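S.K.: The structure follows.
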Amino acid sequence: MKELQTQYQKILSDFLANQTERNLYIGQNFIRQLIQKKVAPEEVINIHKYAIEQIYPDLPEDISHSYDFLIEIMVHFGLTLKEHQSLLEQQEELRMEMNVATKIQNMILRTTVPMLNQIDIGMLSVPIRKMNGDYVHFLNNNNSVVSVAVTDVVGKGVPAALCMSMVKYGLDTLEYATKDPSYILEVLNRIIEKSVDDSMFVSMFYGTYNIKESKFTYGSAGHEPAIYYNARKNTFFDLESKGLLLGVMPEVTYPQYDIHLEDNDFIIMITDGVTDFRKQGELDPRDVIKNLALSCNHLSAQKMCEEMYTYLKNLPDFELEDDFTVVIFKK
Amino acid sequence: MKELQTQYQKILSDFLANQTERNLYIGQNFIRQLIQKKVAPEEVINIHKYAIEQIYPDLPEDISHSYDFLIEIMVHFGLTLKEHQSLLEQQEELRMEMNVATKIQNMILRTTVPMLNQIDIGMLSVPIRKMNGDYVHFLNNNNSVVSVAVTDVVGKGVPAALCMSMVKYGLDTLEYATKDPSYILEVLNRIIEKSVDDSMFVSMFYGTYNIKESKFTYGSAGHEPAIYYNARKNTFFDLESKGLLLGVMPEVTYPQYDIHLEDNDFIIMITDGVTDFRKQGELDPRDVIKNLALSCNHLSAQKMCEEMYTYLKNLPDFELEDDFTVVIFKK
Amino acid sequence: MNAKSTVEIVTEWDIVAARQLGRNEAKAIGFGAVDQARITTAISELARNIYLYARSGEVTIERISNEEKVGLRIIAADKGPGISNLKKVMEDGYSTSGGLGAGLPGVKRLMDTMDIQSHVGNGTTIVIEKWVK
Amino acid sequence: MNAKSTVEIVTEWDIVAARQLGRNEAKAIGFGAVDQARITTAISELARNIYLYARSGEVTIERISNEEKVGLRIIAADKGPGISNLKKVMEDGYSTSGGLGAGLPGVKRLMDTMDIQSHVGNGTTIVIEKWVK
Ligand SMILES: [Mn+2]
Ligand SMILES: [Mn+2]
Ligand SMILES: [Mn+2]
Ligand SMILES: [Mn+2]
């Protein structure tokens with residue numbers, strides 16, 4: 001402390017003698033060191049008072065006392081700063097805890113993209129925070145039927161991640177059931193409505209592809225509509241479906257529809273994080289995505305996913321604010 | 001700001017005139033208001049400087065300038081305080097997020113205590129933080145066999161909670177399998193070893209009670225030994241079992257043992273949070289618990305659990321530092 | 001020879017009296033200006049809590065010493081409602097201090113040691129100590 | 001008539017020159033003592049970053065005005081490595097400021113507005129503004 005006192009007094013008297021910007025710069029640098037040494041503001045006032053008294057031995061007593069008043073009131077600022085240090089430590093601990101939690105979450109939600117000859121599948125899912133609130137679940141039974149569930153939990157962070165565990169659990173239990181989207185969505189809806197907090201809802205797009213018949217059957221629960229490109233007609237179609245978010249009401253039915261896929265057709269399934277940007281001139285987000293898909297249609301499904309992400313991420317307007325998930329089925 | 005200036009000047013000049021403790025008390029109260037209004041320390045120095053200049057018009061110019069130096073260095077304290085406010089807000093958000101997460105977690109891990117005539121079952125599980133790292137899973141199939149798994153994740157907080165979800169999924173999937181503790185522990189060990197982070201381990205005590213035969217079969221994976229009280233011999237036995245924590249190595253076998261339960265016998269299954277206190281005189285923690293159980297043996301299994309918790313919680317030495325779980329089977 | 005004085009806390013101005021006593025004792029023992037301010041602030045917080053939440057209580061200030069050093073012990077005792085969740089009260093955060101950093105965690109940081117005995121319906125006794133370094 | 005002056009940042013004393021320029025301009029426009037200190041500290045932080053992390057750069061200080069008020073705009077530009085993770089750099093916390101509250105989040109709080117353009121390998125340009133209230 002004596003050391004700090006001497007240094008401070010030198011810096012202060014230099015300033016009072018010369019009053020240059022350089023003195024102030026040196027003073028601020030000195031204070032940074034003090035703060036990192038956890039010196040409190042009331043101690044700094046005390047050091048200042050003592051330095052002033054040394055530099056001006058004829059200092060009026062009143063001015064001396066005025067520093068005592070300043071010291072007294074600075075104690076409260078000091079208290080707030082001490083609380084700050086404590087909070088910083090807590091924050092560090094929590095950060096490390098969330099890192100481990102994220103690792104575990106990622107393992108629980110790990111999914112392999114099926115590699116098949118008859119259909120090219122690609123997937124990319126980028127979370128906005130540490131824990132992903134979107135989840136893609138593939139099911140490949142004996143290579144005759146490939147199914148995919150694209151799920152988006154309404155909400156972010158830890159609660160969303162836990163809710164997602166419930167969804168995965170439900171999908172795992174349904175593994176050997178029939179693959180009808182209607183049925184799957186109905187059952188999941190009941191599980192989620194019963195099990196999870198009243199304020200947590202889940203949107204899902206469920207599609208199942210019958211390889212032999214090249215038939216894609218899909219249903220949706222309040223989810224961002226998928227995009228279907230028909231190569232022969234060179235036209236895009238929106239795959240919508242009337243269906244309530246999962247978990248709102250116990251008894252809900254979900255319609256399902258079929259599409260026949262021909263060579264060079266593709267289906268893009270996304271979550272709403274992908275369309276979360278402003279109109280680009282005349283084009284609204286879904287049009288932008290359709291054009292983008294066409295422009296990289298020559299690439300593999302996986303490369304298409306990555307291209308779309310890179311392009312959209314670099315749009316000047318695009319402030320990624322939600323988990324970003326895209327799945328592409330390409331014949 | 002002008003208002004604050006005038007008030008401060010009054011308080012300061014009162015102090016300089018009278019220098020009583022009362023003035024300092026009023027000054028500190030005033031500063032508390034300023035801090036809550038988010039006034040920064042450098043602004044306070046400025047207010048002080050101006051007030052001093054008003055009170056002492058003949059103030060030497062150097063002293064005036066010395067306040068400028070003080071203002072400059074206080075800016076850095078001010079920066080740290082502003083970061084503090086921002087951290088407080090973040091902390092609030094995180095706190096609310098963890099509340100929702102806890103609700104979901106509690107729903108996922110919800111378990112009903114079986115109510116049977118032939119055996120009285122009680123359970124109490126109190127987490128040390130928001131999310132419980134202990135988990136009790138009951139299975140009651142057609143009232144002929146009642147099983148219980150008492151699980152303790154090594155670790156606390158969010159990661160432990162997620163790991164616990166994995167355990168629950170595992171137990172649920174094994175629901176219709178044979179009830180042999182050896183088998184259950186073997187399968188769970190493989191699931192956890194494969195699925196979860198290398199640093200997460202789980203201890204488990206698994207017991208299954210055959211009602212018709214009054215036979216309790218148990219096995220344990222690195223878990224705190226259960227306590228068995230034989231009424232006829234009026235003796236306690238420790239139910240230990242050699243078995244590695246779940247999730248360490250892929251191929252591990254777990255031995256199992258049988259006990260025949262007679263009227264007034266009871267079994268206490270706990271997690272290590274229950275024995276986490278210092279020796280009470282000559283008695284080590286497990287002895288304390290045994291005596292405690294005997295002393296309230298006339299109560300129902302549920303009441304026994306609650307009594308034990310209340311008693312242990314109020315021990316002067318007992319600083320509850322871990323999740324506290326106790327399950328009692330009473331014939 | 002341990003000097004010991006007690007101030008009863010009933011009105012807000014008793015807080016000032018307790019502060020004054022604390023400051024005098026701190027000065028007499030040899031605490032510097034900053035520590036005098038901190039001890040006084042700690043006494044102020046404890047006395048304020050008594051004044052705000054317990055019907056009445058008292059603050060006792062006692063000089064303490066061991067072979068190496070001297071210090072001050074302050075005991076704030078009341079028969080108020082008592083603290084139901086001690087852990088929560090000692091946690092930092094917006095809820096406990098309103099962002100002021102004050103409250104019991106703050107008092108603990110101003111002093112060297114703090115010990116709390118409190119039971120619901122039976123009052124609270126807080127003992128804080130600070131040694132001259 | 002927008003006065004505009006630039007200081008090239010190469011040595012540590014150029015930081016002082018940039019501060020001086022900023023303080024003079026701030027004083028001339030009518031900022032009070034506290035705001036002068038804040039603006040100078042913000043300039044100091046930005047210039048220090050240039051000095052520490054980019055090979056060189058410059059700080060430009062410009063008087064600005066609209067119908068209602070006057071103010072200062074400071075542009076800190078460099079051809080340094082660029083900021084790879086802007087979001088992370090603007091987050092509060094131990095990692096970014098060492099508990100000092102400084103860094104870019106700190107600069108943002110000292111001023112009214114802050115805009116950052118930065119690309120990896122292409123340098124960084126930060127524009128901050130503060131208006132006389
Ligand atoms: Mn979402
Ligand atoms: Mn979304
Ligand atoms: Mn545990
Ligand atoms: Mn434990």
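Please note that chains go A, B, ... in the order of the structure tokens, that every chain numbers its residues from 1, and that ligands are numbered from 1 in the order shown.
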List every residue of chain B that has an atom at most 10 Å from any atom of chain D, and for each one report the closest atom pair and its distance in Å to one decimal, counting only C-alpha atoms, with rows sorted by chain and then by increasing residue number, as CSV.
M.R.:
```
residue,atom,partner,partner_atom,distance
B:Ala40,CA,D:Val34,CA,9.8
B:Glu42,CA,D:Val34,CA,6.6
B:Glu43,CA,D:Val34,CA,6.2
B:Val44,CA,D:Val34,CA,9.6
B:Ile45,CA,D:Val34,CA,9.0
B:Asn46,CA,D:Val34,CA,6.8
B:Ile47,CA,D:Val34,CA,9.7
B:Asp68,CA,D:Ala33,CA,7.5
B:Phe69,CA,D:Ala37,CA,9.5
B:Ile71,CA,D:Val34,CA,6.8
B:Glu72,CA,D:Ala37,CA,5.4
B:Ile73,CA,D:Ala37,CA,8.8
B:Met74,CA,D:Ala37,CA,9.3
B:Val75,CA,D:Arg38,CA,6.6
B:His76,CA,D:Leu100,CA,7.4
B:Phe77,CA,D:Leu100,CA,7.9
B:Gly78,CA,D:Gly101,CA,8.3
B:Leu79,CA,D:Gly101,CA,5.0
B:Thr80,CA,D:Gly101,CA,4.1
B:Leu81,CA,D:Gly101,CA,7.4
B:Lys82,CA,D:Gly101,CA,7.2
B:Glu83,CA,D:Gly101,CA,5.2
B:His84,CA,D:Gly101,CA,8.0
B:Ser86,CA,D:Asp92,CA,7.6
B:Leu87,CA,D:Asp92,CA,7.2
B:Gln90,CA,D:Asp92,CA,9.5
```
S.K.: Mind listing the strand (DSSP E) residues of range 94-312 of chain B, per DSSP on the backbone, as number ranges by chain?
M.R.: B: 120-126, 134-141, 145-153, 202-210, 215-221, 226-230, 235-239, 257-260, 266-270
S.K.: Kindly work out which residues sit at most 12 Å from ligand 1, using only C-alpha atoms and all ligand atoms, and give the list as a compact mmCIF listing (two decimals) with all heavy atoms, in the first residue's frame.
M.R.:
```
# COMPACT_ATOMS: atom_id res chain seq x y z
N SER A 125 -27.34 -27.84 -39.11
CA SER A 125 -28.09 -27.21 -38.02
C SER A 125 -27.12 -26.42 -37.16
O SER A 125 -26.20 -26.98 -36.56
CB SER A 125 -28.81 -28.28 -37.18
OG SER A 125 -29.66 -27.66 -36.26
N VAL A 126 -27.31 -25.11 -37.12
CA VAL A 126 -26.41 -24.22 -36.38
C VAL A 126 -27.18 -23.51 -35.27
O VAL A 126 -28.09 -22.73 -35.55
CB VAL A 126 -25.80 -23.16 -37.32
CG1 VAL A 126 -24.85 -22.27 -36.55
CG2 VAL A 126 -25.08 -23.83 -38.48
N PRO A 127 -26.84 -23.77 -34.02
CA PRO A 127 -27.58 -23.12 -32.92
C PRO A 127 -27.17 -21.67 -32.75
O PRO A 127 -26.04 -21.29 -33.09
CB PRO A 127 -27.17 -23.94 -31.69
CG PRO A 127 -25.83 -24.47 -32.04
CD PRO A 127 -25.80 -24.67 -33.53
N ILE A 128 -28.09 -20.85 -32.24
CA ILE A 128 -27.78 -19.44 -32.04
C ILE A 128 -27.08 -19.24 -30.69
O ILE A 128 -26.31 -18.31 -30.51
CB ILE A 128 -29.07 -18.58 -32.12
CG1 ILE A 128 -28.73 -17.09 -32.06
CG2 ILE A 128 -30.02 -18.91 -30.97
CD1 ILE A 128 -27.93 -16.64 -33.25
N ARG A 129 -27.35 -20.11 -29.75
CA ARG A 129 -26.62 -20.07 -28.49
C ARG A 129 -25.85 -21.37 -28.36
O ARG A 129 -25.70 -22.11 -29.31
CB ARG A 129 -27.60 -19.96 -27.31
CG ARG A 129 -28.24 -18.62 -27.16
CD ARG A 129 -28.84 -18.51 -25.78
NE ARG A 129 -29.81 -17.43 -25.70
CZ ARG A 129 -30.55 -17.20 -24.63
NH1 ARG A 129 -30.45 -17.97 -23.58
NH2 ARG A 129 -31.39 -16.19 -24.60
N MET A 131 -26.79 -24.09 -26.72
CA MET A 131 -27.63 -25.28 -26.84
C MET A 131 -28.64 -25.11 -27.97
O MET A 131 -29.32 -24.09 -28.05
CB MET A 131 -28.33 -25.54 -25.51
CG MET A 131 -27.31 -25.75 -24.40
SD MET A 131 -28.07 -26.12 -22.80
CE MET A 131 -27.78 -27.86 -22.71
N ASN A 132 -28.72 -26.13 -28.80
CA ASN A 132 -29.55 -26.04 -29.99
C ASN A 132 -31.02 -26.28 -29.67
O ASN A 132 -31.37 -27.27 -29.03
CB ASN A 132 -29.07 -27.09 -31.01
CG ASN A 132 -29.47 -26.72 -32.43
OD1 ASN A 132 -30.38 -25.93 -32.64
ND2 ASN A 132 -28.79 -27.31 -33.40
N GLY A 133 -31.87 -25.34 -30.08
CA GLY A 133 -33.30 -25.50 -29.88
C GLY A 133 -33.98 -26.14 -31.07
O GLY A 133 -35.19 -26.34 -31.07
N ASP A 134 -33.20 -26.43 -32.11
CA ASP A 134 -33.72 -27.19 -33.25
C ASP A 134 -33.15 -28.60 -33.16
O ASP A 134 -32.04 -28.82 -32.67
CB ASP A 134 -33.25 -26.58 -34.58
CG ASP A 134 -33.95 -25.28 -34.92
OD1 ASP A 134 -34.92 -24.91 -34.22
OD2 ASP A 134 -33.52 -24.62 -35.89
N TYR A 135 -33.89 -29.55 -33.70
CA TYR A 135 -33.40 -30.93 -33.64
C TYR A 135 -33.87 -31.68 -34.88
O TYR A 135 -35.04 -31.62 -35.25
CB TYR A 135 -33.93 -31.60 -32.37
CG TYR A 135 -33.68 -33.08 -32.28
CD1 TYR A 135 -32.40 -33.60 -32.49
CD2 TYR A 135 -34.71 -33.96 -31.99
CE1 TYR A 135 -32.17 -34.96 -32.41
CE2 TYR A 135 -34.48 -35.33 -31.91
CZ TYR A 135 -33.21 -35.82 -32.12
OH TYR A 135 -32.99 -37.16 -32.03
N VAL A 150 -38.07 -32.75 -38.43
CA VAL A 150 -37.37 -31.48 -38.19
C VAL A 150 -38.16 -30.74 -37.13
O VAL A 150 -39.32 -30.40 -37.33
CB VAL A 150 -37.30 -30.63 -39.49
CG1 VAL A 150 -36.59 -29.31 -39.21
CG2 VAL A 150 -36.60 -31.40 -40.58
N THR A 151 -37.53 -30.54 -35.98
CA THR A 151 -38.23 -30.02 -34.82
C THR A 151 -37.67 -28.67 -34.38
O THR A 151 -36.46 -28.45 -34.43
CB THR A 151 -38.04 -30.99 -33.63
OG1 THR A 151 -37.99 -32.32 -34.12
CG2 THR A 151 -39.16 -30.84 -32.64
N ASP A 152 -38.53 -27.80 -33.93
CA ASP A 152 -38.11 -26.50 -33.42
C ASP A 152 -38.86 -26.23 -32.13
O ASP A 152 -40.08 -26.13 -32.13
CB ASP A 152 -38.41 -25.42 -34.46
CG ASP A 152 -37.91 -24.04 -34.03
OD1 ASP A 152 -37.47 -23.90 -32.87
OD2 ASP A 152 -37.96 -23.11 -34.84
N VAL A 153 -38.12 -26.11 -31.07
CA VAL A 153 -38.77 -25.78 -29.80
C VAL A 153 -38.98 -24.27 -29.75
O VAL A 153 -38.08 -23.49 -30.06
CB VAL A 153 -37.91 -26.20 -28.60
CG1 VAL A 153 -38.51 -25.67 -27.31
CG2 VAL A 153 -37.78 -27.69 -28.54
N VAL A 154 -40.16 -23.87 -29.34
CA VAL A 154 -40.44 -22.44 -29.18
C VAL A 154 -39.73 -22.00 -27.91
O VAL A 154 -40.09 -22.38 -26.82
CB VAL A 154 -41.96 -22.20 -29.06
CG1 VAL A 154 -42.23 -20.73 -28.80
CG2 VAL A 154 -42.67 -22.68 -30.30
N GLY A 155 -38.69 -21.18 -28.03
CA GLY A 155 -37.92 -20.80 -26.86
C GLY A 155 -36.46 -21.16 -27.10
O GLY A 155 -36.13 -21.84 -28.06
N LYS A 156 -35.57 -20.68 -26.25
CA LYS A 156 -34.14 -20.96 -26.43
C LYS A 156 -33.51 -21.38 -25.12
O LYS A 156 -34.14 -21.37 -24.06
CB LYS A 156 -33.40 -19.70 -26.93
CG LYS A 156 -33.90 -19.15 -28.23
CD LYS A 156 -32.96 -18.05 -28.73
CE LYS A 156 -33.56 -17.15 -29.77
NZ LYS A 156 -34.72 -16.38 -29.43
N GLY A 157 -32.26 -21.75 -25.20
CA GLY A 157 -31.48 -22.00 -24.00
C GLY A 157 -31.79 -23.33 -23.33
O GLY A 157 -32.23 -24.28 -23.96
N VAL A 158 -31.56 -23.36 -22.04
CA VAL A 158 -31.66 -24.61 -21.29
C VAL A 158 -33.07 -25.23 -21.31
O VAL A 158 -33.21 -26.42 -21.56
CB VAL A 158 -31.20 -24.42 -19.83
CG1 VAL A 158 -31.37 -25.70 -19.04
CG2 VAL A 158 -29.76 -23.96 -19.80
N PRO A 159 -34.12 -24.45 -21.09
CA PRO A 159 -35.46 -25.05 -21.11
C PRO A 159 -35.76 -25.70 -22.46
O PRO A 159 -36.28 -26.82 -22.50
CB PRO A 159 -36.40 -23.87 -20.88
CG PRO A 159 -35.57 -22.85 -20.23
CD PRO A 159 -34.20 -23.01 -20.77
N ALA A 160 -35.40 -25.02 -23.53
CA ALA A 160 -35.67 -25.57 -24.86
C ALA A 160 -34.91 -26.89 -25.05
O ALA A 160 -35.43 -27.85 -25.60
CB ALA A 160 -35.27 -24.57 -25.93
N ALA A 161 -33.68 -26.91 -24.58
CA ALA A 161 -32.87 -28.12 -24.73
C ALA A 161 -33.49 -29.29 -23.99
O ALA A 161 -33.53 -30.42 -24.48
CB ALA A 161 -31.46 -27.86 -24.22
N CYS A 163 -36.66 -29.66 -23.22
CA CYS A 163 -37.88 -30.01 -23.94
C CYS A 163 -37.53 -30.89 -25.12
O CYS A 163 -38.21 -31.86 -25.43
CB CYS A 163 -38.58 -28.73 -24.38
SG CYS A 163 -40.22 -29.00 -25.03
N MET A 164 -36.45 -30.54 -25.80
CA MET A 164 -36.03 -31.31 -26.96
C MET A 164 -35.71 -32.75 -26.58
O MET A 164 -35.95 -33.68 -27.35
CB MET A 164 -34.80 -30.64 -27.58
CG MET A 164 -34.54 -31.12 -28.96
SD MET A 164 -35.97 -30.83 -30.02
CE MET A 164 -35.70 -29.11 -30.43
N MET A 200 -44.37 -24.50 -22.98
CA MET A 200 -43.42 -24.96 -23.98
C MET A 200 -44.14 -25.65 -25.11
O MET A 200 -44.93 -26.56 -24.89
CB MET A 200 -42.41 -25.92 -23.34
CG MET A 200 -41.64 -25.30 -22.23
SD MET A 200 -39.86 -25.24 -22.51
CE MET A 200 -39.70 -24.37 -24.02
N PHE A 201 -43.88 -25.19 -26.33
CA PHE A 201 -44.49 -25.79 -27.50
C PHE A 201 -43.42 -26.14 -28.49
O PHE A 201 -42.30 -25.62 -28.46
CB PHE A 201 -45.49 -24.83 -28.14
CG PHE A 201 -46.50 -24.29 -27.17
CD1 PHE A 201 -46.59 -22.95 -26.93
CD2 PHE A 201 -47.33 -25.17 -26.48
CE1 PHE A 201 -47.51 -22.46 -26.01
CE2 PHE A 201 -48.24 -24.69 -25.56
CZ PHE A 201 -48.33 -23.33 -25.33
N VAL A 202 -43.77 -27.04 -29.39
CA VAL A 202 -42.81 -27.55 -30.34
C VAL A 202 -43.44 -27.56 -31.73
O VAL A 202 -44.57 -28.01 -31.88
CB VAL A 202 -42.40 -28.98 -29.94
CG1 VAL A 202 -41.58 -29.62 -31.03
CG2 VAL A 202 -41.63 -28.97 -28.64
N SER A 203 -42.70 -27.07 -32.73
CA SER A 203 -43.20 -27.21 -34.10
C SER A 203 -42.42 -28.35 -34.75
O SER A 203 -41.26 -28.58 -34.42
CB SER A 203 -43.03 -25.92 -34.89
OG SER A 203 -41.68 -25.76 -35.30
N MET A 204 -43.09 -29.08 -35.61
CA MET A 204 -42.41 -30.20 -36.26
C MET A 204 -42.88 -30.41 -37.68
O MET A 204 -44.06 -30.28 -37.98
CB MET A 204 -42.62 -31.49 -35.46
CG MET A 204 -41.89 -32.70 -36.09
SD MET A 204 -42.18 -34.26 -35.22
CE MET A 204 -41.11 -34.05 -33.80
N HIS A 223 -45.29 -25.82 -38.30
CA HIS A 223 -43.88 -25.64 -38.67
C HIS A 223 -43.76 -24.82 -39.95
O HIS A 223 -44.67 -24.74 -40.75
CB HIS A 223 -43.24 -27.01 -38.86
CG HIS A 223 -41.75 -26.98 -38.85
ND1 HIS A 223 -41.01 -26.98 -37.70
CD2 HIS A 223 -40.86 -26.94 -39.87
CE1 HIS A 223 -39.72 -26.95 -37.99
NE2 HIS A 223 -39.59 -26.92 -39.31
N GLU A 224 -42.61 -24.19 -40.13
CA GLU A 224 -42.30 -23.46 -41.35
C GLU A 224 -42.50 -24.42 -42.55
O GLU A 224 -41.93 -25.51 -42.56
CB GLU A 224 -40.84 -23.00 -41.29
CG GLU A 224 -40.36 -22.18 -42.45
CD GLU A 224 -40.80 -20.72 -42.39
OE1 GLU A 224 -41.14 -20.27 -41.29
OE2 GLU A 224 -40.79 -20.06 -43.44
N ILE A 270 -36.89 -26.70 -43.50
CA ILE A 270 -36.15 -25.70 -42.72
C ILE A 270 -36.86 -25.40 -41.41
O ILE A 270 -37.98 -25.86 -41.18
CB ILE A 270 -36.04 -24.36 -43.48
CG1 ILE A 270 -37.42 -23.94 -43.97
CG2 ILE A 270 -35.06 -24.46 -44.61
CD1 ILE A 270 -37.43 -22.62 -44.70
N THR A 271 -36.18 -24.65 -40.56
CA THR A 271 -36.86 -24.07 -39.39
C THR A 271 -36.93 -22.57 -39.61
O THR A 271 -36.25 -22.03 -40.49
CB THR A 271 -36.11 -24.36 -38.08
OG1 THR A 271 -34.79 -23.83 -38.17
CG2 THR A 271 -36.06 -25.84 -37.79
N ASP A 272 -37.71 -21.89 -38.79
CA ASP A 272 -37.99 -20.47 -39.07
C ASP A 272 -36.76 -19.58 -38.92
O ASP A 272 -36.78 -18.43 -39.33
CB ASP A 272 -39.16 -19.95 -38.23
CG ASP A 272 -38.92 -20.12 -36.75
OD1 ASP A 272 -37.81 -20.52 -36.36
OD2 ASP A 272 -39.86 -19.88 -35.97
N GLY A 273 -35.70 -20.09 -38.35
CA GLY A 273 -34.49 -19.28 -38.25
C GLY A 273 -33.90 -18.98 -39.61
O GLY A 273 -33.17 -18.01 -39.80
N VAL A 274 -34.22 -19.83 -40.59
CA VAL A 274 -33.65 -19.69 -41.93
C VAL A 274 -34.31 -18.54 -42.69
O VAL A 274 -33.67 -17.88 -43.52
CB VAL A 274 -33.79 -21.01 -42.73
CG1 VAL A 274 -33.26 -20.86 -44.13
CG2 VAL A 274 -33.07 -22.13 -41.99
N ASP A 276 -35.57 -15.87 -41.36
CA ASP A 276 -35.70 -14.73 -40.46
C ASP A 276 -34.92 -13.52 -40.93
O ASP A 276 -34.13 -12.95 -40.18
CB ASP A 276 -35.21 -15.17 -39.06
CG ASP A 276 -35.62 -14.20 -37.99
OD1 ASP A 276 -36.45 -13.32 -38.27
OD2 ASP A 276 -35.10 -14.31 -36.86
N GLU A 321 -30.74 -14.72 -35.50
CA GLU A 321 -31.27 -14.55 -34.15
C GLU A 321 -31.90 -15.82 -33.62
O GLU A 321 -32.41 -15.84 -32.51
CB GLU A 321 -32.34 -13.44 -34.15
CG GLU A 321 -31.85 -12.08 -34.58
CD GLU A 321 -31.83 -11.12 -33.42
OE1 GLU A 321 -32.43 -11.42 -32.39
OE2 GLU A 321 -31.21 -10.06 -33.56
N ASP A 322 -31.90 -16.86 -34.44
CA ASP A 322 -32.57 -18.09 -34.05
C ASP A 322 -31.75 -19.25 -34.57
O ASP A 322 -30.91 -19.10 -35.46
CB ASP A 322 -33.99 -18.09 -34.64
CG ASP A 322 -34.87 -19.15 -34.01
OD1 ASP A 322 -34.41 -19.84 -33.07
OD2 ASP A 322 -36.03 -19.29 -34.44
N ASP A 323 -32.00 -20.42 -34.02
CA ASP A 323 -31.31 -21.62 -34.50
C ASP A 323 -31.63 -21.82 -35.99
O ASP A 323 -32.75 -21.62 -36.42
CB ASP A 323 -31.77 -22.84 -33.70
CG ASP A 323 -31.65 -22.61 -32.20
OD1 ASP A 323 -30.55 -22.22 -31.75
OD2 ASP A 323 -32.64 -22.79 -31.49
N PHE A 324 -30.61 -22.20 -36.75
CA PHE A 324 -30.72 -22.30 -38.21
C PHE A 324 -30.60 -23.77 -38.61
O PHE A 324 -29.58 -24.39 -38.39
CB PHE A 324 -29.57 -21.48 -38.81
CG PHE A 324 -29.51 -21.44 -40.32
CD1 PHE A 324 -29.82 -20.28 -41.01
CD2 PHE A 324 -29.12 -22.56 -41.06
CE1 PHE A 324 -29.74 -20.22 -42.40
CE2 PHE A 324 -29.05 -22.52 -42.43
CZ PHE A 324 -29.35 -21.34 -43.11
N THR A 325 -31.66 -24.29 -39.20
CA THR A 325 -31.63 -25.71 -39.59
C THR A 325 -32.17 -25.91 -40.98
O THR A 325 -33.25 -25.41 -41.31
CB THR A 325 -32.48 -26.55 -38.62
OG1 THR A 325 -31.95 -26.40 -37.29
CG2 THR A 325 -32.44 -28.03 -39.00
```
S.K.: Find the residues near Val10 in chain D: any atom within 9 Å, counting only C-alpha atoms, skip ones fewer than 5 places away on the same chain, and give them as a VMD selection string.
M.R.: chain D and resid 15 50 to 51 55 to 58
S.K.: How many Å separate CA of Asn117 in chain A from CA of Ala293 in chain A?
M.R.: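 CA of Asn117 in chain A sits 21.2 Å away from CA of Ala293 in chain A.
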S.K.: Neighbouring residues of Trp131 in chain D were defined as those with any atom within 12 Å, considering only C-alpha atoms; residues of the same chain fewer than 6 positions away were excluded. Please report them as number ranges by chain.
M.R.: D: 26, 29-32, 35-36, 39, 63-66, 68-74, 110-113
S.K.: Enumerate the residues of chain C with a DSSP assignment of alpha helix (DSSP H), computed from the backbone, and present them as a ChimeraX atom specification.
M.R.: /C:12-29,33-53,86-89,94-97,103-110
S.K.: Show me, as an MDAnalysis selection string, the residues that have an atom within 12 Å of Ile83 in chain D when counting only C-alpha atoms, minus same-chain residues fewer than 3 positions from it.
M.R.: chainID D and resid 49 53:54 78:80 86:90 104 116:126
S.K.: What does the structure give for the distance between CA of Met114 in chain C and CA of Ile128 in chain C, in Å to one decimal?
M.R.: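 Between these atoms lies a distance of 4.4 Å.
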S.K.: Range 250-263 of chain A: which residues within 9 Å, counting only C-alpha atoms, same-chain residues fewer than 4 positions away excluded, as number ranges by chain?
M.R.: A: 180-183, 185-186, 189-194, 213-221, 230-232, 239, 241-244, 246, 330-331
S.K.: Have a look at A:Tyr229, A:Phe15, A:Phe205, A:Tyr8 and name the one nearest to chain B; count only C-alpha atoms.
M.R.: A:Phe15
